[in-house]
>>> print(open('work_24.txt').read())   # compact mmCIF, C-alpha atoms
# COMPACT_ATOMS: atom_id res chain seq x y z
CA MET A 1 52.30 88.41 73.87
CA HIS A 2 50.02 88.83 70.87
CA THR A 3 50.30 92.20 69.09
CA VAL A 4 47.64 93.98 67.06
CA LYS A 5 47.96 96.45 64.20
CA VAL A 6 46.15 99.72 64.88
CA ASP A 7 45.48 102.44 62.32
CA ARG A 8 46.31 105.61 64.20
CA ARG A 9 44.37 107.99 61.95
CA GLU A 10 41.24 105.84 61.84
CA LEU A 11 41.29 105.48 65.63
CA LEU A 12 41.46 109.25 66.12
CA GLN A 13 38.72 109.70 63.53
CA PHE A 14 36.42 107.23 65.27
CA MET A 15 36.94 108.56 68.77
CA ASN A 16 37.20 112.31 68.26
CA SER A 17 35.90 113.62 64.95
CA GLY A 18 32.15 113.62 65.45
CA ASP A 19 31.76 111.38 62.41
CA GLU A 20 28.05 110.51 62.19
CA GLY A 21 28.90 106.98 61.07
CA ALA A 22 30.48 106.36 64.48
CA ASN A 23 27.44 107.57 66.44
CA GLY A 24 25.95 104.91 68.68
CA HIS A 25 29.06 102.73 68.63
CA HIS A 26 31.44 104.40 71.08
CA THR A 27 30.13 102.86 74.28
CA ALA A 28 30.17 99.36 72.81
CA MET A 29 33.57 99.76 71.18
CA THR A 30 35.26 101.27 74.22
CA GLY A 31 33.80 98.50 76.37
CA PHE A 32 35.31 95.95 74.01
CA MET A 33 38.69 97.49 73.25
CA GLY A 34 39.12 100.41 75.64
CA GLU A 35 41.31 99.14 78.47
CA PRO A 36 43.44 96.81 76.30
CA LEU A 37 43.98 99.69 73.87
CA ALA A 38 44.95 102.09 76.65
CA VAL A 39 47.42 99.59 78.11
CA GLY A 40 48.86 99.00 74.65
CA LEU A 41 49.41 102.72 74.13
CA ILE A 42 50.92 103.18 77.60
CA LEU A 43 53.40 100.40 76.83
CA HIS A 44 54.10 101.95 73.41
CA SER A 45 54.78 105.30 75.06
CA LEU A 46 57.15 103.88 77.68
CA ARG A 47 58.96 101.67 75.18
CA SER A 48 59.44 104.61 72.83
CA GLU A 49 61.60 106.05 75.62
CA GLY A 50 63.72 102.90 75.61
CA LYS A 51 62.13 101.37 78.71
CA PRO A 52 61.42 97.61 78.74
CA ALA A 53 57.88 98.20 79.99
CA GLU A 54 55.47 95.35 80.65
CA PHE A 55 51.85 94.81 81.61
CA VAL A 56 51.61 93.13 85.03
CA SER A 57 47.98 92.61 86.05
CA TRP A 58 44.39 93.79 85.78
CA LYS A 59 43.86 93.25 89.50
CA VAL A 60 44.40 96.58 91.28
CA THR A 61 42.50 96.58 94.56
CA PRO A 62 42.95 97.99 98.07
CA GLY A 63 43.13 94.40 99.34
CA MET A 64 39.63 94.36 100.80
CA ARG A 65 36.09 93.92 99.52
CA LYS A 66 35.23 97.57 99.95
CA GLY A 67 37.04 100.45 98.34
CA SER A 68 37.74 101.73 94.87
CA ARG A 69 39.58 99.60 92.34
CA LEU A 70 41.84 100.75 89.53
CA ASP A 71 42.38 99.19 86.11
CA ALA A 72 45.94 97.93 85.62
CA TRP A 73 49.42 97.51 87.01
CA ILE A 74 52.11 98.50 84.51
CA PHE A 75 55.85 98.17 85.17
CA ASP A 76 58.24 100.47 83.33
CA GLY A 77 60.99 97.84 83.55
CA GLU A 78 63.32 100.21 85.41
CA GLY A 79 61.94 100.28 88.94
CA THR A 80 58.60 102.12 88.73
CA LEU A 81 55.29 100.29 89.00
CA TYR A 82 52.26 102.31 87.93
CA GLN A 83 48.86 101.81 89.55
CA THR A 84 46.78 102.89 86.61
CA GLU A 85 43.31 104.34 86.21
CA ILE A 86 41.96 104.40 82.64
CA LYS A 87 39.20 106.69 81.36
CA MET A 88 38.42 106.08 77.69
CA TRP A 89 35.90 108.91 77.41
CA ALA A 90 35.51 109.56 73.68
CA GLY A 91 35.61 113.03 72.24
CA ASN A 92 32.12 112.39 70.90
CA ALA A 93 30.72 111.52 74.34
CA ILE A 94 28.76 113.92 76.52
CA GLY A 95 31.22 116.45 77.88
CA GLY A 96 33.82 115.22 75.42
CA LEU A 97 36.05 117.18 73.10
CA ARG A 98 35.41 116.85 69.38
CA LEU A 99 38.41 117.73 67.27
CA LYS A 100 37.87 118.83 63.69
CA ASP A 101 40.54 118.31 61.07
CA GLY A 102 43.00 121.13 60.53
CA LEU A 103 43.03 122.65 64.02
CA GLY A 104 46.19 124.62 64.68
CA GLU A 105 48.51 124.11 67.63
CA ASP A 106 47.25 127.23 69.43
CA GLU A 107 43.64 126.07 69.18
CA LEU A 108 44.55 122.55 70.34
CA LEU A 109 46.39 124.08 73.28
CA ARG A 110 43.37 126.20 74.20
CA LEU A 111 40.93 123.30 73.92
CA GLY A 112 43.18 120.94 75.87
CA GLN A 113 43.64 123.40 78.71
CA LYS A 114 39.91 124.14 78.85
CA GLN A 115 39.09 120.42 79.01
CA TRP A 116 41.70 119.85 81.70
CA LEU A 117 40.42 122.63 83.96
CA SER A 118 36.69 122.14 83.37
CA ARG A 119 36.54 118.33 83.52
CA ILE A 120 39.62 116.96 85.29
CA TRP A 121 41.53 119.33 87.57
CA ASN A 122 40.29 121.97 90.03
CA GLU A 123 43.10 124.49 89.93
CA GLU A 124 41.80 126.47 92.91
CA ARG A 125 41.47 123.49 95.24
CA GLN A 126 44.34 121.53 93.72
CA THR A 127 42.19 118.41 93.52
CA PHE A 128 40.47 116.31 90.87
CA HIS A 129 36.92 117.31 90.03
CA ALA A 130 35.47 113.78 90.15
CA PRO A 131 35.99 110.91 92.61
CA GLN A 132 36.17 108.42 89.73
CA VAL A 133 39.35 110.21 88.63
CA GLY A 134 40.74 111.05 92.07
CA LYS A 135 40.64 107.39 93.10
CA VAL A 136 43.92 106.95 91.24
CA LEU A 137 45.50 108.19 94.50
CA GLY A 138 44.09 105.30 96.53
CA THR A 139 46.43 102.93 98.34
CA MET A 140 46.46 99.63 96.44
CA GLN A 141 47.72 96.19 97.38
CA VAL A 142 51.01 95.78 95.55
CA PRO A 143 51.62 92.50 93.65
CA ASP A 144 53.96 90.18 95.55
CA ARG A 145 56.70 90.53 92.95
CA PHE A 146 56.98 94.28 93.64
CA LYS A 147 56.72 94.46 97.43
CA ASP A 148 60.43 95.24 97.90
CA SER A 149 60.11 98.97 98.61
CA GLU A 150 63.84 99.54 98.12
CA ARG A 151 63.80 98.18 94.56
CA PHE A 152 60.42 99.33 93.31
CA LYS A 153 58.62 102.65 93.49
CA ILE A 154 54.82 102.80 93.24
CA GLU A 155 53.42 105.75 91.26
CA PRO A 156 49.83 106.62 90.21
CA LEU A 157 49.10 106.96 86.49
CA LEU A 158 45.92 108.52 85.13
CA CYS A 159 45.37 107.54 81.50
CA LEU A 160 42.77 109.64 79.65
CA TRP A 161 41.58 109.39 76.07
CA TRP A 162 40.76 113.12 75.93
CA LEU A 163 43.15 115.74 74.70
CA VAL A 164 44.12 117.47 77.96
CA ARG A 165 46.88 119.91 78.73
CA PRO A 166 47.74 121.57 82.05
CA ALA A 167 48.47 125.27 82.35
CA ASP A 168 52.11 124.49 81.57
CA ALA A 169 52.08 124.66 77.77
CA GLU A 170 55.44 122.87 77.64
CA ALA A 171 54.08 119.69 79.22
CA GLY A 172 54.02 116.73 76.83
CA ALA A 173 51.42 114.04 76.26
CA ARG A 174 52.58 112.46 79.52
CA PHE A 175 53.25 114.82 82.40
CA CYS A 176 53.58 114.70 86.17
CA LEU A 177 51.00 116.63 88.17
CA PRO A 178 52.06 117.64 91.72
CA VAL A 179 49.42 116.67 94.31
CA GLN A 180 48.86 117.18 98.01
CA ASP A 181 48.66 113.57 99.14
CA GLU A 182 50.17 111.65 102.04
CA HIS A 183 51.34 108.79 99.82
CA PHE A 184 52.29 110.36 96.48
CA GLU A 185 54.05 113.53 95.38
CA CYS A 186 52.57 113.55 91.90
CA VAL A 187 50.20 111.80 89.51
CA HIS A 188 51.46 110.86 86.07
CA VAL A 189 48.89 111.82 83.43
CA LEU A 190 48.85 110.50 79.87
CA SER A 191 46.59 111.96 77.18
CA LEU A 192 46.18 109.24 74.56
CA THR A 193 44.77 111.61 71.95
CA ARG A 194 47.68 113.95 72.38
CA TYR A 195 50.16 111.08 72.27
CA LEU A 196 48.66 109.68 69.07
CA MET A 197 48.54 113.10 67.42
CA GLY A 198 52.26 113.47 68.06
CA LEU A 199 53.24 110.23 66.31
CA SER A 200 54.35 110.13 62.69
CA GLU A 201 53.65 106.52 61.76
CA ASP A 202 50.13 105.58 60.67
CA MET A 203 50.20 101.89 61.61
CA LEU A 204 51.09 100.92 65.16
CA GLU A 205 51.96 97.49 66.53
CA LEU A 206 50.44 97.34 70.00
CA GLU A 207 50.50 94.70 72.70
CA MET A 208 46.89 94.65 73.89
CA PRO A 209 46.26 92.23 76.77
CA ARG A 210 42.80 90.57 76.76
CA LEU A 211 41.91 91.63 73.23
CA SER A 212 42.90 88.35 71.57
CA GLU A 213 40.72 86.42 74.05
CA ARG A 214 37.77 88.69 73.24
CA LEU A 215 38.32 88.28 69.51
CA ASN A 216 38.45 84.51 69.97
CA TRP A 217 35.08 84.59 71.72
CA LEU A 218 33.61 86.60 68.86
CA GLU A 219 34.80 83.98 66.38
CA ARG A 220 33.30 81.21 68.51
CA ILE A 221 29.98 82.99 68.91
CA PHE A 222 29.78 84.09 65.26
CA PRO A 223 31.62 81.39 63.27
CA GLY A 224 32.12 82.03 59.59
>>> encode(input="work_24.txt", output="structure tokens")
Amino acid sequence: MHTVKVDRRELLQFMNSGDEGANGHHTAMTGFMGEPLAVGLILHSLRSEGKPAEFVSWKVTPGMRKGSRLDAWIFDGEGTLYQTEIKMWAGNAIGGLRLKDGLGEDELLRLGQKQWLSRIWNEERQTFHAPQVGKVLGTMQVPDRFKDSERFKIEPLLCLWWLVRPADAEAGARFCLPVQDEHFECVHVLSLTRYLMGLSEDMLELEMPRLSERLNWLERIFPG
């Protein structure tokens, strides 16, 4: 699988800083790179834990024409298959969370918890605020390779660009949120901003499915 070099600091700057030079480009850029980037970072996160994770498929449907679809199937390589919903809402977007340079850990914690409770999770009702997020709990048609229920466990994964943190200050960039659902006990949540902020290296090698095909089309459309 083709890998891409990603500048971690420049990515955070573009998505979160409120840089005026990035204004007007976020929607186009996230449409172009968003889901491949998210998948690449999910794989990077799982592999950093020593798991031989792999991307499986972009086709995540309930198996019928009607019903909500998700974005990706990702296998951790050790028995868990994640039905994944990706929301690449930039910090600069409406309702987003702009992060200035030099914010301390306490302020980041406060902002992340505020964003989590105001935009993602209804603490009182113990539900997601928006259906486009809550659909991660939908029952999806499992790829044939993973239909052996004794060998593989299906888990929902919500991947957000935003810096979000639950009330539990000890939770990491990826945490498990208990839910009241007939099919799942919890939803795994990954904050990509928080994950990237916690890394030390500046250049990342990411496996980003689909991106190379999109770059090839750009070269064909705009040769030279």
>>> residues_around(input="work_24.txt", residues="Arg125 in chain A", least_positions_apart="4", cutoff="12 Å", atoms="all atoms listed in the file", output="ChimeraX atom specification")
/A:117,121,129,179-180
>>> write_last_selection(input="work_24.txt", atoms="C-alpha atoms", output="tab-separated table (two decimals), in the coordinates of the input")
chain	number	residue	atom	x	y	z
A	117	LEU	CA	40.42	122.63	83.96
A	121	TRP	CA	41.53	119.33	87.57
A	129	HIS	CA	36.92	117.31	90.03
A	179	VAL	CA	49.42	116.67	94.31
A	180	GLN	CA	48.86	117.18	98.01
>>> closest_residue(input="work_24.txt", among="A:Thr27, A:Ser68, A:Gln113, A:Thr84", to="Glu170 in chain A", atoms="only C-alpha atoms")
A:Gln113
>>> closest_residue(input="work_24.txt", among="A:Val136, A:Leu37, A:Val189, A:Leu111", to="Gly67 in chain A", atoms="all atoms listed in the file")
A:Val136
>>> closest_residue(input="work_24.txt", among="A:Leu109, A:Met15, A:Met33, A:Leu103", to="Ala90 in chain A", atoms="all atoms listed in the file")
A:Met15
>>> residues_around(input="work_24.txt", residues="Leu160 in chain A", least_positions_apart="6", cutoff="9 Å", atoms="all atoms listed in the file", output="PyMOL selection string")
chain A and resi 38+85-89+189-193
>>> write_last_selection(input="work_24.txt", atoms="C-alpha atoms", output="PDB file, in the coordinates of the input")
ATOM      1  CA  ALA A  38      44.950 102.090  76.650  1.00  0.00           C
ATOM      2  CA  GLU A  85      43.310 104.340  86.210  1.00  0.00           C
ATOM      3  CA  ILE A  86      41.960 104.400  82.640  1.00  0.00           C
ATOM      4  CA  LYS A  87      39.200 106.690  81.360  1.00  0.00           C
ATOM      5  CA  MET A  88      38.420 106.080  77.690  1.00  0.00           C
ATOM      6  CA  TRP A  89      35.900 108.910  77.410  1.00  0.00           C
ATOM      7  CA  VAL A 189      48.890 111.820  83.430  1.00  0.00           C
ATOM      8  CA  LEU A 190      48.850 110.500  79.870  1.00  0.00           C
ATOM      9  CA  SER A 191      46.590 111.960  77.180  1.00  0.00           C
ATOM     10  CA  LEU A 192      46.180 109.240  74.560  1.00  0.00           C
ATOM     11  CA  THR A 193      44.770 111.610  71.950  1.00  0.00           C
TER      12      THR A 193
END
>>> atom_distance(input="work_24.txt", atom1="CA of Trp73 in chain A", atom2="CA of Val60 in chain A")
6.7 Å
>>> atom_distance(input="work_24.txt", atom1="CA of His188 in chain A", atom2="CA of Glu155 in chain A")
7.5 Å
>>> closest_residue(input="work_24.txt", among="A:Gly172, A:Ser48, A:His26, A:Ile74", to="Met197 in chain A", atoms="only C-alpha atoms")
A:Gly172
>>> residues_around(input="work_24.txt", residues="Met203 in chain A", least_positions_apart="5", cutoff="12 Å", atoms="only C-alpha atoms", output="MDAnalysis selection string")
chainID A and resid 4:11 196
>>> residues_near_point(input="work_24.txt", point="(47.8, 115.7, 91.2)", cutoff="7 Å", atoms="only C-alpha atoms", output="ChimeraX atom specification")
/A:127,177-179,186-187
>>> atom_distance(input="work_24.txt", atom1="CA of Gly18 in chain A", atom2="CA of Arg98 in chain A")
6.0 Å
>>> closest_residue(input="work_24.txt", among="A:Cys159, A:Leu215, A:Ala173, A:Met140", to="Phe32 in chain A", atoms="all atoms listed in the file")
A:Leu215
>>> closest_atom_pairs(input="work_24.txt", of="range 116-188 of chain A", to="range 76-79 of chain A", cutoff="8 Å", atoms="all atoms listed in the file", output="JSON lines")
{"residue": "A:Arg151", "atom": "CA", "partner": "A:Gly79", "partner_atom": "CA", "distance": 6.3}
{"residue": "A:Phe152", "atom": "CA", "partner": "A:Gly79", "partner_atom": "CA", "distance": 4.7}
{"residue": "A:Lys153", "atom": "CA", "partner": "A:Gly79", "partner_atom": "CA", "distance": 6.1}
>>> closest_residue(input="work_24.txt", among="A:Glu123, A:Pro36, A:Ser118, A:Glu54", to="Ser212 in chain A", atoms="only C-alpha atoms")
A:Pro36
>>> residues_near_point(input="work_24.txt", point="(46.1, 96.5, 98.8)", cutoff="8 Å", atoms="all atoms listed in the file", output="list of chain:residue names")
A:Val60, A:Thr61, A:Pro62, A:Gly63, A:Met64, A:Thr139, A:Met140, A:Gln141, A:Val142
>>> build_atoms(input="work_24.txt", residues="range 135-159 of chain A", atoms="N, CA and C atoms", output="tab-separated table (two decimals), keeping the file's coordinate frame")
chain	number	residue	atom	x	y	z
A	135	LYS	N	40.34	108.67	92.47
A	135	LYS	CA	40.64	107.39	93.10
A	135	LYS	C	41.98	106.82	92.68
A	136	VAL	N	42.60	107.40	91.65
A	136	VAL	CA	43.92	106.95	91.24
A	136	VAL	C	44.93	107.10	92.38
A	137	LEU	N	44.61	107.96	93.36
A	137	LEU	CA	45.50	108.19	94.50
A	137	LEU	C	45.27	107.20	95.65
A	138	GLY	N	44.34	106.27	95.47
A	138	GLY	CA	44.09	105.30	96.53
A	138	GLY	C	45.28	104.39	96.78
A	139	THR	N	45.35	103.86	97.99
A	139	THR	CA	46.43	102.93	98.34
A	139	THR	C	46.03	101.52	97.91
A	140	MET	N	46.78	100.94	97.00
A	140	MET	CA	46.46	99.63	96.44
A	140	MET	C	47.41	98.55	96.96
A	141	GLN	N	46.92	97.33	96.95
A	141	GLN	CA	47.72	96.19	97.38
A	141	GLN	C	48.70	95.84	96.26
A	142	VAL	N	49.98	95.97	96.55
A	142	VAL	CA	51.01	95.78	95.55
A	142	VAL	C	51.20	94.30	95.25
A	143	PRO	N	51.34	93.90	93.98
A	143	PRO	CA	51.62	92.50	93.65
A	143	PRO	C	52.88	92.01	94.37
A	144	ASP	N	52.87	90.74	94.76
A	144	ASP	CA	53.96	90.18	95.55
A	144	ASP	C	55.33	90.45	94.94
A	145	ARG	N	55.42	90.36	93.65
A	145	ARG	CA	56.70	90.53	92.95
A	145	ARG	C	57.32	91.91	93.18
A	146	PHE	N	56.50	92.90	93.55
A	146	PHE	CA	56.98	94.28	93.64
A	146	PHE	C	56.93	94.84	95.06
A	147	LYS	N	56.88	93.99	96.05
A	147	LYS	CA	56.72	94.46	97.43
A	147	LYS	C	58.03	94.92	98.08
A	148	ASP	N	59.14	94.76	97.38
A	148	ASP	CA	60.43	95.24	97.90
A	148	ASP	C	60.50	96.75	97.68
A	149	SER	N	60.22	97.52	98.74
A	149	SER	CA	60.11	98.97	98.61
A	149	SER	C	61.43	99.64	98.24
A	150	GLU	N	62.55	98.95	98.46
A	150	GLU	CA	63.84	99.54	98.12
A	150	GLU	C	64.15	99.38	96.64
A	151	ARG	N	63.53	98.42	95.98
A	151	ARG	CA	63.80	98.18	94.56
A	151	ARG	C	62.75	98.80	93.65
A	152	PHE	N	61.52	98.89	94.16
A	152	PHE	CA	60.42	99.33	93.31
A	152	PHE	C	59.68	100.52	93.92
A	153	LYS	N	59.36	101.48	93.07
A	153	LYS	CA	58.62	102.65	93.49
A	153	LYS	C	57.22	102.60	92.89
A	154	ILE	N	56.20	102.81	93.71
A	154	ILE	CA	54.82	102.80	93.24
A	154	ILE	C	54.40	104.23	92.90
A	155	GLU	N	53.86	104.43	91.70
A	155	GLU	CA	53.42	105.75	91.26
A	155	GLU	C	52.02	105.63	90.65
A	156	PRO	N	51.15	106.63	90.85
A	156	PRO	CA	49.83	106.62	90.21
A	156	PRO	C	49.92	107.16	88.79
A	157	LEU	N	49.16	106.54	87.89
A	157	LEU	CA	49.10	106.96	86.49
A	157	LEU	C	47.64	107.08	86.08
A	158	LEU	N	47.26	108.27	85.64
A	158	LEU	CA	45.92	108.52	85.13
A	158	LEU	C	46.00	108.58	83.61
A	159	CYS	N	45.35	107.62	82.96
A	159	CYS	CA	45.37	107.54	81.50
A	159	CYS	C	44.02	107.99	80.96
